[in-house]
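File shown here: structure.cif, holding mmCIF, C-alpha atoms.
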```cif
data_my_file
#
loop_
_atom_site.group_PDB
_atom_site.id
_atom_site.type_symbol
_atom_site.label_atom_id
_atom_site.label_comp_id
_atom_site.auth_asym_id
_atom_site.auth_seq_id
_atom_site.Cartn_x
_atom_site.Cartn_y
_atom_site.Cartn_z
ATOM 1 C CA MET A 866 -8.335 4.374 55.366
ATOM 2 C CA MET A 867 -6.031 5.628 52.589
ATOM 3 C CA ALA A 868 -3.732 2.640 53.143
ATOM 4 C CA GLN A 869 -6.645 0.251 52.630
ATOM 5 C CA GLU A 870 -7.639 1.976 49.359
ATOM 6 C CA THR A 871 -4.049 1.874 48.147
ATOM 7 C CA ALA A 872 -3.822 -1.836 48.928
ATOM 8 C CA THR A 873 -7.120 -2.515 47.208
ATOM 9 C CA ARG A 874 -6.179 -0.894 43.887
ATOM 10 C CA PRO A 875 -3.255 -3.216 43.055
ATOM 11 C CA ALA A 876 -5.373 -6.219 43.973
ATOM 12 C CA ALA A 877 -8.147 -5.012 41.671
ATOM 13 C CA ALA A 878 -5.633 -4.443 38.876
ATOM 14 C CA GLU A 879 -4.279 -7.941 39.274
ATOM 15 C CA GLN A 880 -7.740 -9.529 39.411
ATOM 16 C CA GLU A 881 -9.094 -7.704 36.313
ATOM 17 C CA SER A 882 -9.881 -10.263 33.663
ATOM 18 C CA PRO A 883 -7.904 -9.868 30.423
ATOM 19 C CA LEU A 884 -11.050 -10.951 28.552
ATOM 20 C CA GLU A 885 -12.965 -7.883 29.751
ATOM 21 C CA HIS A 886 -12.214 -6.055 26.487
ATOM 22 C CA ILE A 887 -13.097 -9.057 24.295
ATOM 23 C CA VAL A 888 -16.396 -10.437 25.540
ATOM 24 C CA GLN A 889 -19.721 -8.910 24.540
ATOM 25 C CA HIS A 890 -20.979 -6.024 26.697
ATOM 26 C CA PRO A 891 -24.805 -5.833 26.721
ATOM 27 C CA LEU A 892 -26.151 -2.281 26.520
ATOM 28 C CA ILE A 893 -29.879 -3.056 26.390
ATOM 29 C CA GLU A 894 -31.313 -6.247 27.900
ATOM 30 C CA ARG A 895 -34.823 -7.588 28.319
ATOM 31 C CA PRO A 896 -36.070 -10.428 30.551
ATOM 32 C CA ALA A 897 -36.666 -13.671 28.659
ATOM 33 C CA LYS A 898 -36.871 -17.392 29.372
ATOM 34 C CA LEU A 899 -35.550 -19.405 26.437
ATOM 35 C CA GLY A 900 -33.994 -22.263 28.338
ATOM 36 C CA PRO A 901 -30.267 -22.840 27.674
ATOM 37 C CA LEU A 902 -30.196 -19.831 25.334
ATOM 38 C CA THR A 903 -30.846 -17.454 28.246
ATOM 39 C CA PRO A 904 -29.013 -18.818 31.315
ATOM 40 C CA ASN A 905 -29.250 -15.421 33.058
ATOM 41 C CA GLY A 906 -32.931 -14.977 32.292
ATOM 42 C CA THR A 907 -32.296 -12.053 29.936
ATOM 43 C CA VAL A 908 -31.858 -11.551 26.204
ATOM 44 C CA THR A 909 -29.492 -8.961 24.759
ATOM 45 C CA VAL A 910 -31.311 -6.517 22.493
ATOM 46 C CA PHE A 911 -28.325 -4.253 21.829
ATOM 47 C CA SER A 912 -24.633 -4.606 22.659
ATOM 48 C CA ASP A 913 -21.233 -3.290 21.615
ATOM 49 C CA GLN A 914 -20.799 -6.107 19.096
ATOM 50 C CA ILE A 915 -24.272 -5.585 17.637
ATOM 51 C CA ALA A 916 -23.305 -1.931 17.200
ATOM 52 C CA MET A 917 -20.211 -3.022 15.240
ATOM 53 C CA ILE A 918 -22.331 -5.274 13.002
ATOM 54 C CA ALA A 919 -24.705 -2.382 12.281
ATOM 55 C CA LEU A 920 -21.774 -0.040 11.684
ATOM 56 C CA ALA A 921 -20.170 -2.502 9.253
ATOM 57 C CA GLY A 922 -23.407 -2.800 7.289
ATOM 58 C CA LEU A 923 -23.864 0.973 7.248
ATOM 59 C CA LEU A 924 -20.296 1.573 6.054
ATOM 60 C CA LEU A 925 -20.712 -0.918 3.217
ATOM 61 C CA ILE A 926 -24.051 0.589 2.155
ATOM 62 C CA VAL A 927 -22.567 4.110 2.097
ATOM 63 C CA LEU A 928 -18.972 3.590 0.953
ATOM 64 C CA VAL A 929 -19.254 0.863 -1.698
ATOM 65 C CA PRO A 930 -21.535 2.881 -4.033
ATOM 66 C CA MET A 931 -19.240 5.885 -3.603
ATOM 67 C CA MET A 932 -16.190 3.783 -4.480
ATOM 68 C CA VAL A 933 -17.867 2.191 -7.497
ATOM 69 C CA LYS A 934 -18.783 5.578 -9.003
ATOM 70 C CA ARG A 935 -15.172 6.723 -9.299
ATOM 71 C CA ARG A 936 -14.292 6.832 -12.998
ATOM 72 C CA ARG A 937 -11.494 8.365 -15.050
ATOM 73 C CA GLY A 938 -13.864 10.799 -16.742
ATOM 74 C CA ARG A 939 -17.493 11.802 -17.082
ATOM 75 C CA SER A 940 -18.130 10.938 -20.722
ATOM 76 C CA GLY A 941 -17.055 8.565 -23.472
ATOM 77 C CA VAL A 942 -14.734 5.652 -22.776
ATOM 78 C CA ASP A 943 -13.322 7.336 -19.670
ATOM 79 C CA ALA A 944 -16.738 7.072 -18.000
ATOM 80 C CA MET A 945 -16.390 3.262 -18.087
ATOM 81 C CA VAL A 946 -12.789 3.077 -16.851
ATOM 82 C CA PRO A 947 -12.509 2.666 -13.037
ATOM 83 C CA THR A 948 -9.843 4.531 -11.142
ATOM 84 C CA GLY A 949 -8.549 4.697 -7.580
ATOM 85 C CA SER A 950 -10.714 2.881 -5.053
ATOM 86 C CA SER A 951 -13.113 1.745 -7.789
ATOM 87 C CA ASN A 952 -10.264 0.010 -9.581
ATOM 88 C CA MET A 953 -9.205 -1.727 -6.366
ATOM 89 C CA LEU A 954 -12.770 -2.845 -5.604
ATOM 90 C CA GLU A 955 -13.255 -4.164 -9.124
ATOM 91 C CA ALA A 956 -9.959 -6.073 -8.950
ATOM 92 C CA VAL A 957 -11.003 -7.782 -5.697
ATOM 93 C CA CYS A 958 -14.444 -8.672 -7.071
ATOM 94 C CA GLU A 959 -12.936 -10.001 -10.304
ATOM 95 C CA TYR A 960 -10.453 -12.137 -8.392
ATOM 96 C CA LEU A 961 -13.178 -13.613 -6.184
ATOM 97 C CA ARG A 962 -15.271 -14.351 -9.248
ATOM 98 C CA LYS A 963 -12.586 -15.926 -11.443
ATOM 99 C CA GLU A 964 -10.376 -17.657 -8.883
ATOM 100 C CA VAL A 965 -12.832 -18.559 -6.112
ATOM 101 C CA ALA A 966 -16.401 -18.722 -7.407
ATOM 102 C CA GLU A 967 -16.130 -20.069 -10.956
ATOM 103 C CA PRO A 968 -14.007 -23.172 -10.147
ATOM 104 C CA ALA A 969 -16.493 -24.239 -7.447
ATOM 105 C CA LEU A 970 -19.835 -22.969 -8.757
ATOM 106 C CA GLN A 971 -19.190 -23.349 -12.501
ATOM 107 C CA GLU A 972 -22.376 -22.484 -14.423
ATOM 108 C CA HIS A 973 -24.083 -21.308 -11.209
ATOM 109 C CA THR A 974 -21.548 -18.518 -10.572
ATOM 110 C CA ASP A 975 -23.851 -15.667 -11.587
ATOM 111 C CA ARG A 976 -26.544 -16.952 -9.241
ATOM 112 C CA PHE A 977 -24.372 -16.800 -6.098
ATOM 113 C CA ILE A 978 -21.617 -14.272 -6.836
ATOM 114 C CA LYS A 979 -23.423 -11.360 -5.150
ATOM 115 C CA TYR A 980 -23.715 -13.366 -1.951
ATOM 116 C CA ILE A 981 -20.036 -14.319 -2.168
ATOM 117 C CA TRP A 982 -18.985 -10.692 -2.557
ATOM 118 C CA SER A 983 -21.265 -9.610 0.299
ATOM 119 C CA VAL A 984 -19.869 -12.259 2.654
ATOM 120 C CA PHE A 985 -16.262 -11.290 1.939
ATOM 121 C CA PHE A 986 -16.639 -7.543 2.394
ATOM 122 C CA PHE A 987 -18.968 -7.885 5.384
ATOM 123 C CA VAL A 988 -16.644 -10.216 7.308
ATOM 124 C CA LEU A 989 -13.590 -8.156 6.320
ATOM 125 C CA THR A 990 -15.185 -4.911 7.514
ATOM 126 C CA ILE A 991 -16.156 -6.422 10.865
ATOM 127 C CA ASN A 992 -12.646 -7.844 11.316
ATOM 128 C CA ILE A 993 -11.000 -4.486 10.605
ATOM 129 C CA LEU A 994 -13.392 -2.572 12.870
ATOM 130 C CA GLY A 995 -12.342 -4.919 15.669
ATOM 131 C CA LEU A 996 -8.761 -3.661 15.358
ATOM 132 C CA LEU A 997 -9.680 -0.019 15.939
ATOM 133 C CA PRO A 998 -9.327 1.368 19.507
ATOM 134 C CA ILE A 999 -13.029 2.224 19.706
ATOM 135 C CA PRO A 1000 -13.503 0.774 23.245
ATOM 136 C CA VAL A 1001 -10.825 3.099 24.641
ATOM 137 C CA ILE A 1002 -12.608 6.153 23.235
ATOM 138 C CA SER A 1003 -16.093 4.983 24.215
ATOM 139 C CA ASN A 1004 -14.961 4.389 27.820
ATOM 140 C CA LEU A 1005 -14.330 8.129 28.094
ATOM 141 C CA PHE A 1006 -18.078 8.649 27.610
ATOM 142 C CA GLY A 1007 -19.082 6.027 30.173
ATOM 143 C CA THR A 1008 -20.095 3.278 27.749
ATOM 144 C CA HIS A 1009 -18.473 0.352 25.960
ATOM 145 C CA LEU A 1010 -18.533 0.174 22.180
ATOM 146 C CA GLY A 1011 -16.260 -1.577 19.730
ATOM 147 C CA GLY A 1012 -14.797 -5.052 19.675
ATOM 148 C CA THR A 1013 -14.670 -7.764 17.057
ATOM 149 C CA ALA A 1014 -18.138 -9.157 16.379
ATOM 150 C CA THR A 1015 -16.661 -12.157 14.545
ATOM 151 C CA GLY A 1016 -14.999 -13.038 17.855
ATOM 152 C CA ASN A 1017 -18.488 -14.033 19.050
ATOM 153 C CA ILE A 1018 -19.453 -17.618 18.227
ATOM 154 C CA TRP A 1019 -23.110 -16.594 17.870
ATOM 155 C CA VAL A 1020 -22.216 -14.202 15.043
ATOM 156 C CA THR A 1021 -20.071 -16.665 13.123
ATOM 157 C CA ALA A 1022 -22.604 -19.443 13.724
ATOM 158 C CA THR A 1023 -25.364 -17.258 12.267
ATOM 159 C CA LEU A 1024 -23.283 -16.596 9.149
ATOM 160 C CA ALA A 1025 -22.562 -20.320 8.850
ATOM 161 C CA ILE A 1026 -26.247 -21.236 9.275
ATOM 162 C CA VAL A 1027 -27.197 -18.783 6.515
ATOM 163 C CA THR A 1028 -24.700 -20.573 4.272
ATOM 164 C CA MET A 1029 -26.161 -23.955 5.265
ATOM 165 C CA VAL A 1030 -29.682 -22.779 4.408
ATOM 166 C CA MET A 1031 -28.442 -21.658 1.005
ATOM 167 C CA MET A 1032 -26.703 -25.002 0.520
ATOM 168 C CA VAL A 1033 -29.820 -27.057 1.260
ATOM 169 C CA ILE A 1034 -32.389 -24.871 -0.492
ATOM 170 C CA SER A 1035 -30.226 -24.310 -3.574
ATOM 171 C CA GLY A 1036 -29.337 -27.994 -3.692
ATOM 172 C CA LEU A 1037 -33.011 -28.953 -3.659
ATOM 173 C CA ARG A 1038 -33.982 -26.302 -6.221
ATOM 174 C CA LEU A 1039 -31.158 -26.929 -8.673
ATOM 175 C CA GLY A 1040 -30.387 -30.602 -8.048
ATOM 176 C CA GLY A 1041 -33.715 -32.015 -6.960
ATOM 177 C CA LYS A 1042 -33.527 -35.802 -6.739
ATOM 178 C CA ALA A 1043 -29.816 -35.730 -7.549
ATOM 179 C CA TYR A 1044 -29.181 -33.676 -4.421
ATOM 180 C CA LEU A 1045 -31.211 -36.065 -2.265
ATOM 181 C CA ALA A 1046 -29.385 -39.031 -3.837
ATOM 182 C CA HIS A 1047 -26.133 -37.355 -2.778
ATOM 183 C CA PHE A 1048 -27.016 -38.264 0.847
ATOM 184 C CA CYS A 1049 -26.899 -41.967 -0.076
ATOM 185 C CA PRO A 1050 -23.945 -42.434 -2.447
ATOM 186 C CA GLY A 1051 -23.932 -46.232 -2.015
ATOM 187 C CA PRO A 1052 -26.516 -49.016 -2.369
ATOM 188 C CA ILE A 1053 -29.975 -48.282 -1.039
ATOM 189 C CA TRP A 1054 -29.678 -50.933 1.654
ATOM 190 C CA LEU A 1055 -26.837 -48.879 3.184
ATOM 191 C CA ALA A 1056 -29.071 -45.790 3.472
ATOM 192 C CA PRO A 1057 -29.673 -46.193 7.248
ATOM 193 C CA LEU A 1058 -25.907 -45.901 7.701
ATOM 194 C CA LEU A 1059 -24.897 -43.471 4.924
ATOM 195 C CA VAL A 1060 -27.679 -40.889 5.298
ATOM 196 C CA PRO A 1061 -26.924 -40.074 8.976
ATOM 197 C CA VAL A 1062 -23.214 -39.898 8.126
ATOM 198 C CA GLU A 1063 -23.879 -37.429 5.296
ATOM 199 C CA ILE A 1064 -26.128 -35.316 7.528
ATOM 200 C CA ILE A 1065 -23.423 -35.266 10.205
ATOM 201 C CA GLY A 1066 -20.963 -34.221 7.511
ATOM 202 C CA LEU A 1067 -23.231 -31.327 6.526
ATOM 203 C CA VAL A 1068 -23.456 -30.160 10.136
ATOM 204 C CA ALA A 1069 -19.684 -30.593 10.533
ATOM 205 C CA LYS A 1070 -19.067 -28.280 7.573
ATOM 206 C CA VAL A 1071 -21.198 -25.586 9.147
ATOM 207 C CA PHE A 1072 -19.543 -26.118 12.543
ATOM 208 C CA ALA A 1073 -16.065 -25.846 11.016
ATOM 209 C CA LEU A 1074 -17.069 -22.705 9.128
ATOM 210 C CA ALA A 1075 -18.273 -21.016 12.323
ATOM 211 C CA VAL A 1076 -15.509 -22.149 14.681
ATOM 212 C CA ARG A 1077 -12.612 -21.419 12.305
ATOM 213 C CA LEU A 1078 -13.497 -17.731 11.977
ATOM 214 C CA PHE A 1079 -14.429 -17.363 15.647
ATOM 215 C CA ALA A 1080 -11.270 -19.038 16.985
ATOM 216 C CA ASN A 1081 -8.847 -17.196 14.710
ATOM 217 C CA MET A 1082 -10.351 -13.782 15.383
ATOM 218 C CA ILE A 1083 -10.567 -14.140 19.165
ATOM 219 C CA ALA A 1084 -7.127 -15.729 19.583
ATOM 220 C CA GLY A 1085 -5.168 -12.624 18.650
ATOM 221 C CA HIS A 1086 -7.299 -10.378 20.860
ATOM 222 C CA ILE A 1087 -6.870 -12.726 23.816
ATOM 223 C CA LEU A 1088 -3.101 -12.685 23.312
ATOM 224 C CA LEU A 1089 -3.051 -8.875 23.213
ATOM 225 C CA ALA A 1090 -5.256 -8.644 26.302
ATOM 226 C CA VAL A 1091 -3.036 -11.032 28.246
ATOM 227 C CA LEU A 1092 0.124 -9.144 27.241
ATOM 228 C CA LEU A 1093 -1.379 -5.806 28.284
ATOM 229 C CA SER A 1094 -2.454 -7.298 31.614
ATOM 230 C CA PHE A 1095 1.243 -7.996 32.303
ATOM 231 C CA ILE A 1096 1.814 -4.228 32.435
ATOM 232 C CA LEU A 1097 -0.868 -3.779 35.101
ATOM 233 C CA ALA A 1098 0.424 -6.689 37.118
ATOM 234 C CA ALA A 1099 4.031 -5.469 36.924
ATOM 235 C CA GLY A 1100 3.016 -1.861 37.667
ATOM 236 C CA ALA A 1101 1.224 -3.024 40.782
ATOM 237 C CA LYS A 1102 4.568 -4.282 42.094
ATOM 238 C CA SER A 1103 6.699 -1.259 41.206
ATOM 239 C CA ALA A 1104 6.777 1.583 38.697
ATOM 240 C CA GLY A 1105 10.193 0.557 37.353
ATOM 241 C CA LEU A 1106 9.138 -3.021 36.726
ATOM 242 C CA GLY A 1107 5.947 -1.820 35.057
ATOM 243 C CA LEU A 1108 7.939 0.476 32.738
ATOM 244 C CA GLY A 1109 10.370 -2.287 31.766
ATOM 245 C CA VAL A 1110 7.629 -4.805 31.078
ATOM 246 C CA GLY A 1111 5.605 -2.135 29.293
ATOM 247 C CA LEU A 1112 8.337 -1.439 26.731
ATOM 248 C CA VAL A 1113 8.585 -5.114 25.813
ATOM 249 C CA VAL A 1114 4.808 -5.593 25.755
ATOM 250 C CA VAL A 1115 4.166 -2.518 23.590
ATOM 251 C CA ALA A 1116 6.774 -3.611 21.045
ATOM 252 C CA SER A 1117 5.253 -7.100 20.952
ATOM 253 C CA SER A 1118 1.736 -5.697 20.693
ATOM 254 C CA VAL A 1119 2.647 -3.638 17.626
ATOM 255 C CA ALA A 1120 3.964 -6.750 15.889
ATOM 256 C CA ILE A 1121 0.867 -8.749 16.872
ATOM 257 C CA ASN A 1122 -1.406 -5.964 15.599
ATOM 258 C CA PHE A 1123 0.232 -6.158 12.167
ATOM 259 C CA LEU A 1124 -0.258 -9.917 12.285
ATOM 260 C CA GLU A 1125 -3.906 -9.445 13.249
ATOM 261 C CA LEU A 1126 -4.401 -7.114 10.296
ATOM 262 C CA PHE A 1127 -3.119 -9.864 8.021
ATOM 263 C CA VAL A 1128 -5.343 -12.414 9.779
ATOM 264 C CA ALA A 1129 -8.380 -10.126 9.304
ATOM 265 C CA PHE A 1130 -7.935 -10.279 5.524
ATOM 266 C CA LEU A 1131 -6.942 -13.945 5.538
ATOM 267 C CA GLN A 1132 -9.906 -15.148 7.587
ATOM 268 C CA ALA A 1133 -12.349 -13.121 5.483
ATOM 269 C CA PHE A 1134 -10.943 -14.827 2.392
ATOM 270 C CA ILE A 1135 -10.963 -18.303 3.967
ATOM 271 C CA PHE A 1136 -14.550 -17.912 5.175
ATOM 272 C CA THR A 1137 -15.577 -16.772 1.684
ATOM 273 C CA PHE A 1138 -13.641 -19.586 0.020
ATOM 274 C CA LEU A 1139 -15.171 -22.283 2.230
ATOM 275 C CA THR A 1140 -18.650 -20.782 1.799
ATOM 276 C CA THR A 1141 -18.235 -20.921 -1.975
ATOM 277 C CA LEU A 1142 -16.845 -24.440 -1.838
ATOM 278 C CA PHE A 1143 -19.681 -25.779 0.325
ATOM 279 C CA ILE A 1144 -22.359 -24.165 -1.841
ATOM 280 C CA GLY A 1145 -20.653 -25.557 -4.946
ATOM 281 C CA MET A 1146 -20.672 -29.055 -3.461
ATOM 282 C CA SER A 1147 -24.456 -28.742 -3.067
ATOM 283 C CA VAL A 1148 -25.365 -27.350 -6.489
ATOM 284 C CA VAL A 1149 -22.733 -28.910 -8.778
ATOM 285 C CA LEU A 1150 -23.684 -32.599 -8.689
ATOM 286 C CA HIS A 1151 -22.408 -35.434 -10.890
ATOM 287 C CA HIS A 1152 -20.982 -32.939 -13.346
ATOM 288 C CA ASP A 1153 -18.398 -35.358 -14.677
ATOM 289 C CA ASP A 1154 -20.939 -38.158 -15.126
ATOM 290 C CA HIS A 1155 -23.298 -35.911 -17.084
ATOM 291 C CA HIS A 1156 -20.413 -34.608 -19.162
ATOM 292 C CA ASP A 1157 -19.262 -38.111 -20.073
ATOM 293 C CA GLN A 1158 -22.831 -39.165 -20.847
ATOM 294 C CA HIS A 1159 -23.307 -36.114 -23.069
ATOM 295 C CA GLU A 1160 -20.124 -36.935 -24.997
ATOM 296 C CA ALA A 1161 -21.176 -40.562 -25.400
ATOM 297 C CA THR A 1162 -24.584 -39.463 -26.733
ATOM 298 C CA ALA A 1163 -22.927 -37.029 -29.131
ATOM 299 C CA HIS A 1164 -20.675 -39.774 -30.531
#
```

Written form, structure tokens:
Amino acid sequence: MMAQETATRPAAAEQESPLEHIVQHPLIERPAKLGPLTPNGTVTVFSDQIAMIALAGLLLIVLVPMMVKRRRGRSGVDAMVPTGSSNMLEAVCEYLRKEVAEPALQEHTDRFIKYIWSVFFFVLTINILGLLPIPVISNLFGTHLGGTATGNIWVTATLAIVTMVMMVISGLRLGGKAYLAHFCPGPIWLAPLLVPVEIIGLVAKVFALAVRLFANMIAGHILLAVLLSFILAAGAKSAGLGLGVGLVVVASSVAINFLELFVAFLQAFIFTFLTTLFIGMSVVLHHDDHHDQHEATAH
């Protein structure tokens, strides 16, 4: 009996999926029939990744006001001079405004800058929370929390769809007929060909925005999971082999974790940059033509 249990444990270790620590773990489910959206006949009400999204929002709501209030003094000029974390936060916001938002949004910068800041810090916080060993600690209490929510295509797709809604609505509000004319840049008789192409291009932008963040965030976690599974597989063969492989894997994992920390910041910036660029393409229409026409009228 003991021999059978001993033989079963290595087999279970070898068969454990390396994606077990990456995929979403539902904590509360309810029966639902939504066709392809619910292949198992259930809808997830709460999961480990939803918990990370809520935690990221809570941290931003609590910490950002605390960071902003840090000033050099309590009165006079010192009360307006940021220091410490407030200075860092202001520097990041100023960079996003001057170097990212203003070149793309131009005169519409003030209208969208709060959304741009919110997107950057929200995605960055979720990415960093995904690097913390929260699942290891939560497993001690018999549950599974933690993980990178931006490693879920549904999360990144939702963020991308919100951006698309802002693109379309803002384009219609600020551009009106000029925005609609943007879907047919050629002669009107080419509209049956150009309009579908432009609509496909709009959907492609949103698809690229969602997949880029999802793929980059999940790739590093998959690589770490596969490397760590090598230790289990080698340990199932012999303790010495497991120790030798473990030393190499741990050293590699440390290097990959530093790389993932860089990727967390980089992907938050890229997602914010592309969001700003796509919104700018919808609200800043024919700027050069209007500028040239204005100069001609002035002359």

*So which residues get picked by the PyMOL selection byres ((chain A and resi 901-917) around 7) here, written as a ChimeraX atom specification?*
/A:889-900,918-921,991,1009-1014

Interface rows for range 989-1017 of chain A against range 1078-1099 of chain A: nearest pair, Å to one decimal, 9 Å, all atoms listed in the file, as CSV:
```
residue,atom,partner,partner_atom,distance
A:Asn992,CA,A:Met1082,CA,7.6
A:Leu996,CA,A:His1086,CA,8.8
A:Thr1013,CA,A:Met1082,CA,7.6
A:Thr1015,CA,A:Phe1079,CA,5.8
A:Gly1016,CA,A:Ile1083,CA,4.8
A:Asn1017,CA,A:Phe1079,CA,6.3
```

*Do you know which residues are at most 12 Å from range 1058-1068 of chain A counting only C-alpha atoms, after dropping those on the same chain fewer than 2 positions away, and could you put them as a ChimeraX atom specification?*
/A:1022,1025-1026,1028-1030,1032-1033,1044-1056,1070-1075,1143-1144,1146-1147

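Take CA of Leu1126 in chain A and CA of Ile981 in chain A: the distance between them is 21.3 Å.
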
*Could you state which residues are captured by the PyMOL selection byres ((chain A and resi 977) around 10) in this file, as a PyMOL selection string?*
chain A and resi 962+966+970+973-976+978-982+1031+1035+1141+1144-1145

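Taking CA of Ala1104 in chain A and CA of Phe1123 in chain A as endpoints, the distance between them is 28.4 Å.
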
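The two atoms in question, CA of Asn952 in chain A and CA of Phe1136 in chain A, are spaced 23.6 Å apart.
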
*Would you list the contacts of Met945 in chain A as an NGL selection string, taking every protein, DNA or RNA residue within 10 Å and counting all atoms listed in the file, but skipping same-chain residues closer than 5 positions in sequence?*
:A and (934-940)

Those selected residues, please, written with C-alpha atoms and delivered as a CSV table (one decimal), in the frame of the given file.
```
chain,number,residue,atom,x,y,z
A,934,LYS,CA,-18.8,5.6,-9.0
A,935,ARG,CA,-15.2,6.7,-9.3
A,936,ARG,CA,-14.3,6.8,-13.0
A,937,ARG,CA,-11.5,8.4,-15.0
A,938,GLY,CA,-13.9,10.8,-16.7
A,939,ARG,CA,-17.5,11.8,-17.1
A,940,SER,CA,-18.1,10.9,-20.7
```

Any chance you could build range 906-912 of chain A out to all heavy atoms and write it as a short mmCIF file (atom, residue, chain, number, x, y, z; two decimals), in the frame of the given file?
```
data_model
loop_
_atom_site.label_atom_id
_atom_site.label_comp_id
_atom_site.auth_asym_id
_atom_site.auth_seq_id
_atom_site.Cartn_x
_atom_site.Cartn_y
_atom_site.Cartn_z
N GLY A 906 -31.56 -15.45 32.30
CA GLY A 906 -32.93 -14.98 32.29
C GLY A 906 -33.15 -13.69 31.53
O GLY A 906 -34.19 -13.04 31.69
N THR A 907 -32.17 -13.28 30.71
CA THR A 907 -32.30 -12.05 29.94
C THR A 907 -31.82 -12.32 28.51
O THR A 907 -31.04 -13.24 28.25
CB THR A 907 -31.44 -10.92 30.54
OG1 THR A 907 -30.06 -11.32 30.58
CG2 THR A 907 -31.90 -10.57 31.93
N VAL A 908 -32.30 -11.50 27.59
CA VAL A 908 -31.86 -11.55 26.20
C VAL A 908 -31.28 -10.19 25.84
O VAL A 908 -31.82 -9.15 26.23
CB VAL A 908 -33.02 -11.93 25.26
CG1 VAL A 908 -34.12 -10.89 25.31
CG2 VAL A 908 -32.52 -12.10 23.82
N THR A 909 -30.17 -10.20 25.13
CA THR A 909 -29.49 -8.96 24.76
C THR A 909 -30.13 -8.39 23.50
O THR A 909 -30.10 -9.01 22.44
CB THR A 909 -27.99 -9.20 24.51
OG1 THR A 909 -27.40 -9.73 25.71
CG2 THR A 909 -27.29 -7.91 24.14
N VAL A 910 -30.69 -7.20 23.63
CA VAL A 910 -31.31 -6.52 22.49
C VAL A 910 -30.28 -5.70 21.73
O VAL A 910 -30.30 -5.63 20.50
CB VAL A 910 -32.46 -5.62 22.97
CG1 VAL A 910 -33.08 -4.86 21.80
CG2 VAL A 910 -33.51 -6.44 23.69
N PHE A 911 -29.37 -5.08 22.47
CA PHE A 911 -28.32 -4.25 21.83
C PHE A 911 -27.06 -4.36 22.66
O PHE A 911 -27.10 -4.34 23.88
CB PHE A 911 -28.78 -2.79 21.73
CG PHE A 911 -27.89 -1.93 20.90
CD1 PHE A 911 -27.87 -2.05 19.52
CD2 PHE A 911 -27.05 -1.00 21.49
CE1 PHE A 911 -27.04 -1.26 18.75
CE2 PHE A 911 -26.22 -0.20 20.74
CZ PHE A 911 -26.22 -0.33 19.35
N SER A 912 -25.92 -4.48 21.97
CA SER A 912 -24.63 -4.61 22.66
C SER A 912 -23.56 -3.92 21.82
O SER A 912 -23.83 -3.42 20.72
CB SER A 912 -24.27 -6.09 22.87
OG SER A 912 -24.01 -6.71 21.62
#
```
